[in-house]
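**Q** Take a look at this one; I'll ask things after.
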Amino acid sequence: MQVKDSVGIVTGGAGGLGAGVVRMLVENGGKAVILDLPSSRGKDLAAELADAALFVPTDVSDADQVEAAVTTAVAHFGKVDLAVNAAGISPAHRVVDRKGEMFPMDMWQRTLDINLTGAFDVLRNVALAMSKNVPGQDAERGLIVNVASAAGLEGQAGQAAYTASKGALVQLTLQLARDLAIHGIRVMTVAPGIMDTPMLQGLDDKRKSELVDLHVFPKRLGSAEDFARLVRCFMEITLLNGELVRLDAATRLG
């Protein structure tokens, strides 16, 4: 799959890793559909990218909104070739904290609703749309990229819900690739390390430096551009399928 003339749906596309993919698609001759909350910068980003981008306000935890968003994307651009599930939240709370307070179940449910169930809902709707595409190179009809996390592999204190949701996406990778192979749809998962995204906003320089130090080499935060270039590689190399790729400078969480 070439980026040129492709159409990609990107959840969480108004900022961070998602916005990096949106810009990569447009800069290389593709089209991008930005799925993000009404309060996001999605409208501004779409206006900046003009006719090559469309913003569809969407809460991925709402099944009706997800179905309507994918329908709108196909109606507007005629097809969907790529989907990147970058929407996610990471609220922190220990199972039982030092004050004796338990992990709130509403926090647990909301995290899974967005990070896991929402991602699955998007990909099932997108897969249906992709299954109707005209086959391209290697009889491919589409590519789905899920965003997991190093936390989904090694876990972090205070991140039970986030770890569970991201770990589940990792475990789904091969199953989804096998499930969707009959339609010519590939599935890849990325586990980013410490990335320079809005999730790090509010941290002081000292804390950011400590996070950078977790990276073995190179000693810098990952960027949205790093992530977008990896997605482009996935698009162009059709033999990549059913695999997890760590984008983390050899980080392993302690």
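By convention here, the chains of the structure tokens are called A, B, ... in the order presented, each chain's residues are numbered starting at 1, and ligands are numbered starting at 1 in the order presented.
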As a PyMOL selection string, please: the residues near A:Leu247 (cut-off 7 Å, only C-alpha atoms, same-chain neighbours under 6 positions excluded).
**A** chain A and resi 190-193
**Q** As an mmCIF file with N, CA and C atoms, in the first residue's frame, please: the residues near stretch 121-128 of chain A (cut-off 8 Å, only C-alpha atoms, same-chain neighbours under 2 positions excluded).
**A**
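Below is the file that was written, out.cif:
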data_model
loop_
_atom_site.group_PDB
_atom_site.id
_atom_site.type_symbol
_atom_site.label_atom_id
_atom_site.label_comp_id
_atom_site.auth_asym_id
_atom_site.auth_seq_id
_atom_site.Cartn_x
_atom_site.Cartn_y
_atom_site.Cartn_z
ATOM 1 N N VAL A 60 -14.928 7.487 20.832
ATOM 2 C CA VAL A 60 -14.811 6.103 20.381
ATOM 3 C C VAL A 60 -15.489 5.117 21.322
ATOM 4 N N ALA A 63 -20.748 3.586 20.466
ATOM 5 C CA ALA A 63 -20.851 2.744 19.267
ATOM 6 C C ALA A 63 -21.579 3.438 18.125
ATOM 7 N N VAL A 66 -19.196 5.903 16.492
ATOM 8 C CA VAL A 66 -18.163 5.215 15.719
ATOM 9 C C VAL A 66 -18.704 4.766 14.371
ATOM 10 N N GLU A 67 -19.858 4.129 14.365
ATOM 11 C CA GLU A 67 -20.453 3.664 13.113
ATOM 12 C C GLU A 67 -20.723 4.836 12.174
ATOM 13 N N VAL A 70 -17.345 6.242 10.606
ATOM 14 C CA VAL A 70 -16.790 5.443 9.515
ATOM 15 C C VAL A 70 -17.645 5.593 8.261
ATOM 16 N N VAL A 80 -11.732 3.511 2.682
ATOM 17 C CA VAL A 80 -10.785 3.593 3.800
ATOM 18 C C VAL A 80 -9.732 2.519 3.588
ATOM 19 N N ALA A 83 -6.425 2.345 9.082
ATOM 20 C CA ALA A 83 -6.995 2.822 10.340
ATOM 21 C C ALA A 83 -5.913 2.754 11.399
ATOM 22 N N ASN A 85 -5.548 3.293 15.467
ATOM 23 C CA ASN A 85 -6.235 3.475 16.749
ATOM 24 C C ASN A 85 -5.273 4.106 17.750
ATOM 25 N N THR A 117 -12.290 -1.460 24.153
ATOM 26 C CA THR A 117 -13.579 -1.655 23.471
ATOM 27 C C THR A 117 -13.750 -0.650 22.343
ATOM 28 N N GLY A 118 -13.368 0.601 22.596
ATOM 29 C CA GLY A 118 -13.467 1.616 21.550
ATOM 30 C C GLY A 118 -12.593 1.283 20.361
ATOM 31 N N ALA A 119 -11.374 0.840 20.624
ATOM 32 C CA ALA A 119 -10.473 0.467 19.536
ATOM 33 C C ALA A 119 -11.040 -0.700 18.728
ATOM 34 N N MET A 130 -13.281 -1.771 4.670
ATOM 35 C CA MET A 130 -12.117 -2.202 3.895
ATOM 36 C C MET A 130 -12.401 -3.441 3.071
ATOM 37 N N SER A 131 -13.242 -4.330 3.598
ATOM 38 C CA SER A 131 -13.533 -5.582 2.898
ATOM 39 C C SER A 131 -14.175 -5.349 1.531
ATOM 40 N N LYS A 132 -14.680 -4.144 1.318
ATOM 41 C CA LYS A 132 -15.326 -3.800 0.048
ATOM 42 C C LYS A 132 -14.374 -3.108 -0.928
ATOM 43 N N GLY A 142 -6.532 -3.490 3.056
ATOM 44 C CA GLY A 142 -6.433 -2.507 4.125
ATOM 45 C C GLY A 142 -5.426 -2.887 5.184
ATOM 46 N N ILE A 144 -4.721 -2.121 9.518
ATOM 47 C CA ILE A 144 -5.142 -1.573 10.805
ATOM 48 C C ILE A 144 -3.934 -1.569 11.739
ATOM 49 N N LEU A 180 -8.838 -11.475 9.878
ATOM 50 C CA LEU A 180 -9.117 -10.572 8.759
ATOM 51 C C LEU A 180 -8.361 -10.918 7.489
ATOM 52 N N ILE A 185 -6.824 -7.961 4.813
ATOM 53 C CA ILE A 185 -6.569 -6.855 5.747
ATOM 54 C C ILE A 185 -5.475 -7.263 6.729
#
**Q** Which distance in Å separates atom CA of A:Ser40 and atom CA of A:Ala14, to one decimal?
**A** 6.2 Å
**Q** At most 10 Å is the cut-off: for each residue in stretch 146-213 of chain A with any atom that close to an atom of stretch 100-106 of chain A, write down the nearest atom pair and the distance in Å rounded to one decimal, counting only C-alpha atoms, chain first then increasing number, as JSON lines.
**A**
{"residue": "A:Gly158", "atom": "CA", "partner": "A:Phe103", "partner_atom": "CA", "distance": 8.9}
{"residue": "A:Gln159", "atom": "CA", "partner": "A:Phe103", "partner_atom": "CA", "distance": 9.8}
{"residue": "A:Ala160", "atom": "CA", "partner": "A:Phe103", "partner_atom": "CA", "distance": 8.7}
{"residue": "A:Ala161", "atom": "CA", "partner": "A:Phe103", "partner_atom": "CA", "distance": 9.2}
**Q** Report as a ChimeraX atom specification all protein, DNA and RNA residues lying within 12 Å of stretch 20-25 of chain A, evaluated on only C-alpha atoms, omitting residues in the same chain fewer than 5 positions from it.
**A** /A:2-15,30-35,42,45-46,48-50,52-55,81-86,145,195-197,222-233,235
**Q** Put those residues in a file: N, CA and C atoms, as a compact mmCIF listing (two decimals), in the first residue's frame.
**A**
# COMPACT_ATOMS: atom_id res chain seq x y z
N GLN A 2 0.62 2.13 -0.92
CA GLN A 2 1.34 3.39 -0.97
C GLN A 2 0.54 4.47 -0.26
N VAL A 3 1.25 5.42 0.34
CA VAL A 3 0.56 6.51 1.02
C VAL A 3 -0.21 7.36 0.03
N LYS A 4 0.39 7.63 -1.11
CA LYS A 4 -0.26 8.45 -2.13
C LYS A 4 -1.60 7.86 -2.52
N ASP A 5 -2.63 8.68 -2.49
CA ASP A 5 -4.01 8.31 -2.86
C ASP A 5 -4.69 7.40 -1.85
N SER A 6 -4.04 7.13 -0.72
CA SER A 6 -4.69 6.32 0.31
C SER A 6 -5.57 7.19 1.20
N VAL A 7 -6.49 6.55 1.91
CA VAL A 7 -7.36 7.24 2.85
C VAL A 7 -7.21 6.57 4.22
N GLY A 8 -6.86 7.37 5.22
CA GLY A 8 -6.66 6.81 6.56
C GLY A 8 -7.58 7.43 7.59
N ILE A 9 -8.15 6.59 8.44
CA ILE A 9 -8.91 7.05 9.61
C ILE A 9 -7.98 6.97 10.82
N VAL A 10 -7.89 8.06 11.56
CA VAL A 10 -6.99 8.11 12.71
C VAL A 10 -7.77 8.55 13.94
N THR A 11 -7.93 7.65 14.91
CA THR A 11 -8.57 8.05 16.16
C THR A 11 -7.54 8.75 17.05
N GLY A 12 -8.01 9.70 17.84
CA GLY A 12 -7.05 10.53 18.57
C GLY A 12 -6.20 11.33 17.61
N GLY A 13 -6.78 11.62 16.45
CA GLY A 13 -6.01 12.23 15.36
C GLY A 13 -5.76 13.71 15.47
N ALA A 14 -6.31 14.35 16.49
CA ALA A 14 -6.16 15.80 16.61
C ALA A 14 -4.87 16.21 17.30
N GLY A 15 -4.18 15.26 17.93
CA GLY A 15 -2.97 15.61 18.66
C GLY A 15 -2.07 14.41 18.87
N GLY A 30 -1.81 11.52 0.58
CA GLY A 30 -2.98 10.77 1.02
C GLY A 30 -4.05 11.67 1.60
N LYS A 31 -5.11 11.05 2.10
CA LYS A 31 -6.21 11.76 2.74
C LYS A 31 -6.35 11.23 4.17
N ALA A 32 -6.80 12.10 5.07
CA ALA A 32 -6.91 11.72 6.46
C ALA A 32 -8.26 12.10 7.04
N VAL A 33 -8.85 11.17 7.80
CA VAL A 33 -10.08 11.42 8.52
C VAL A 33 -9.73 11.43 10.00
N ILE A 34 -9.93 12.57 10.64
CA ILE A 34 -9.55 12.76 12.04
C ILE A 34 -10.75 12.46 12.93
N LEU A 35 -10.63 11.44 13.75
CA LEU A 35 -11.66 11.12 14.74
C LEU A 35 -11.14 11.52 16.11
N GLY A 42 -9.21 19.02 16.48
CA GLY A 42 -9.49 18.37 15.20
C GLY A 42 -9.97 19.32 14.12
N LEU A 45 -7.03 21.45 12.88
CA LEU A 45 -6.08 20.67 12.10
C LEU A 45 -6.64 20.37 10.71
N ALA A 46 -7.91 20.01 10.64
CA ALA A 46 -8.53 19.74 9.34
C ALA A 46 -8.55 20.99 8.48
N GLU A 48 -6.43 23.43 8.59
CA GLU A 48 -5.05 23.67 8.16
C GLU A 48 -4.68 22.81 6.96
N LEU A 49 -5.19 21.58 6.93
CA LEU A 49 -4.83 20.63 5.87
C LEU A 49 -5.80 20.67 4.69
N ALA A 50 -6.81 21.52 4.81
CA ALA A 50 -7.76 21.80 3.72
C ALA A 50 -8.49 20.54 3.24
N ALA A 52 -7.66 17.82 2.03
CA ALA A 52 -7.06 16.50 2.22
C ALA A 52 -7.42 15.88 3.57
N ALA A 53 -8.13 16.63 4.42
CA ALA A 53 -8.46 16.12 5.75
C ALA A 53 -9.91 16.42 6.09
N LEU A 54 -10.49 15.56 6.89
CA LEU A 54 -11.87 15.71 7.36
C LEU A 54 -11.90 15.42 8.84
N PHE A 55 -12.53 16.31 9.62
CA PHE A 55 -12.69 16.09 11.04
C PHE A 55 -14.10 15.61 11.33
N ASP A 81 -8.47 2.91 3.55
CA ASP A 81 -7.37 1.96 3.36
C ASP A 81 -6.61 1.66 4.65
N LEU A 82 -6.59 2.65 5.55
CA LEU A 82 -5.78 2.56 6.76
C LEU A 82 -6.61 3.02 7.96
N ALA A 83 -6.43 2.35 9.08
CA ALA A 83 -7.00 2.82 10.34
C ALA A 83 -5.91 2.75 11.40
N VAL A 84 -5.76 3.84 12.15
CA VAL A 84 -4.80 3.88 13.25
C VAL A 84 -5.56 4.22 14.53
N ASN A 85 -5.55 3.29 15.47
CA ASN A 85 -6.24 3.48 16.75
C ASN A 85 -5.27 4.11 17.75
N ALA A 86 -5.26 5.44 17.77
CA ALA A 86 -4.35 6.16 18.66
C ALA A 86 -5.07 6.83 19.83
N VAL A 145 -3.67 -0.41 12.36
CA VAL A 145 -2.56 -0.28 13.30
C VAL A 145 -3.12 0.11 14.67
N MET A 195 7.10 8.85 24.84
CA MET A 195 6.88 9.70 23.68
C MET A 195 6.53 11.12 24.10
N ASP A 196 6.96 12.07 23.29
CA ASP A 196 6.68 13.48 23.57
C ASP A 196 5.29 13.81 23.05
N THR A 197 4.29 13.49 23.87
CA THR A 197 2.89 13.68 23.50
C THR A 197 2.20 14.53 24.57
N GLY A 222 10.62 9.93 22.23
CA GLY A 222 10.10 9.61 20.91
C GLY A 222 9.18 10.72 20.43
N SER A 223 9.00 10.83 19.14
CA SER A 223 8.19 11.90 18.58
C SER A 223 7.04 11.34 17.75
N ALA A 224 6.07 12.20 17.49
CA ALA A 224 4.96 11.83 16.63
C ALA A 224 5.46 11.50 15.22
N GLU A 225 6.54 12.17 14.81
CA GLU A 225 7.12 11.91 13.49
C GLU A 225 7.74 10.52 13.44
N ASP A 226 8.39 10.11 14.53
CA ASP A 226 8.94 8.73 14.60
C ASP A 226 7.81 7.72 14.39
N PHE A 227 6.73 7.94 15.10
CA PHE A 227 5.60 7.01 15.02
C PHE A 227 5.01 7.01 13.62
N ALA A 228 4.84 8.18 13.03
CA ALA A 228 4.24 8.27 11.69
C ALA A 228 5.11 7.58 10.64
N ARG A 229 6.43 7.71 10.78
CA ARG A 229 7.32 7.03 9.82
C ARG A 229 7.20 5.52 9.94
N LEU A 230 7.00 5.04 11.16
CA LEU A 230 6.82 3.60 11.34
C LEU A 230 5.52 3.13 10.69
N VAL A 231 4.45 3.90 10.86
CA VAL A 231 3.19 3.55 10.21
C VAL A 231 3.36 3.53 8.69
N ARG A 232 4.11 4.48 8.16
CA ARG A 232 4.35 4.48 6.72
C ARG A 232 5.07 3.21 6.29
N CYS A 233 6.05 2.77 7.08
CA CYS A 233 6.74 1.51 6.76
C CYS A 233 5.75 0.34 6.73
N MET A 235 2.64 0.48 6.00
CA MET A 235 1.83 0.61 4.80
C MET A 235 2.55 0.06 3.58
**Q** Any idea what's packed within 7 Å of stretch 208-216 of chain A, counting only C-alpha atoms, ignoring anything in its chain fewer than 3 positions away? Could you give it as a ChimeraX atom specification?
**A** /A:194,203-205,219-221,248-251
**Q** Keeping only N, CA and C atoms, write those residues as an mmCIF file, in the first residue's frame.
**A**
data_model
loop_
_atom_site.group_PDB
_atom_site.id
_atom_site.type_symbol
_atom_site.label_atom_id
_atom_site.label_comp_id
_atom_site.auth_asym_id
_atom_site.auth_seq_id
_atom_site.Cartn_x
_atom_site.Cartn_y
_atom_site.Cartn_z
ATOM 1 N N ILE A 194 8.648 6.113 25.781
ATOM 2 C CA ILE A 194 8.382 7.443 26.326
ATOM 3 C C ILE A 194 8.306 8.421 25.160
ATOM 4 N N LEU A 203 4.554 18.097 33.027
ATOM 5 C CA LEU A 203 5.734 17.599 33.738
ATOM 6 C C LEU A 203 6.852 18.633 33.681
ATOM 7 N N ASP A 204 7.590 18.769 34.771
ATOM 8 C CA ASP A 204 8.710 19.709 34.758
ATOM 9 C C ASP A 204 9.910 19.087 34.049
ATOM 10 N N ASP A 205 10.927 19.916 33.801
ATOM 11 C CA ASP A 205 12.095 19.456 33.052
ATOM 12 C C ASP A 205 12.819 18.313 33.761
ATOM 13 N N LYS A 219 19.122 8.814 23.579
ATOM 14 C CA LYS A 219 18.629 9.465 24.793
ATOM 15 C C LYS A 219 17.772 10.675 24.420
ATOM 16 N N ARG A 220 16.581 10.397 23.954
ATOM 17 C CA ARG A 220 15.615 11.455 23.649
ATOM 18 C C ARG A 220 14.224 10.868 23.718
ATOM 19 N N LEU A 221 13.247 11.752 23.839
ATOM 20 C CA LEU A 221 11.862 11.306 23.784
ATOM 21 C C LEU A 221 11.514 10.894 22.359
ATOM 22 N N ASP A 248 10.745 2.186 21.242
ATOM 23 C CA ASP A 248 11.040 2.582 22.618
ATOM 24 C C ASP A 248 12.518 2.740 22.961
ATOM 25 N N ALA A 249 13.393 2.794 21.969
ATOM 26 C CA ALA A 249 14.826 2.990 22.236
ATOM 27 C C ALA A 249 15.369 1.977 23.245
ATOM 28 N N ALA A 250 14.872 0.744 23.165
ATOM 29 C CA ALA A 250 15.307 -0.367 24.038
ATOM 30 C C ALA A 250 14.912 -0.196 25.492
ATOM 31 N N THR A 251 13.872 0.603 25.746
ATOM 32 C CA THR A 251 13.387 0.789 27.117
ATOM 33 C C THR A 251 12.732 -0.484 27.637
#
**Q** Determine, counting only C-alpha atoms, which protein, DNA and RNA residues have an atom within 7 Å of an atom of A:Met188; residues of the same chain fewer than 5 positions away are not included. Present the result as an NGL selection string.
**A** :A and (144-146 or 173 or 241-244)
**Q** If you run DSSP over the backbone, which residues in stretch 50-166 of chain A end up strand (DSSP E)? Put them as a PyMOL selection string.
**A** chain A and resi 53-57+82-85+142-147
**Q** Within 12 Å of A:Gly152, counting only C-alpha atoms, which residues show up once you throw out same-chain ones fewer than 5 positions away? Write them as a ChimeraX atom specification, please.
**A** /A:90,115-116,147,157,159-171,189-193,244,246,252-253
**Q** For A:Leu37, find every residue with an atom within 6 Å (counting only C-alpha atoms), except residues of its own chain fewer than 5 positions away, and show them as a list in words.
**A**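 So, after excluding close chain neighbours, the residues are Pro57, Thr58 and Asp59 of chain A.
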**Q** Report the residues of stretch 116-180 of chain A whose backbone DSSP state falls under alpha helix (DSSP H), written as a PyMOL selection string.
**A** chain A and resi 119-130+151-154+160-180
**Q** Looking at A:His183, A:Asp113, A:Gly88, A:Met107, which one is nearest to A:Asn133, with distances taken over only C-alpha atoms?
**A**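 The closest residue to A:Asn133 is A:His183.
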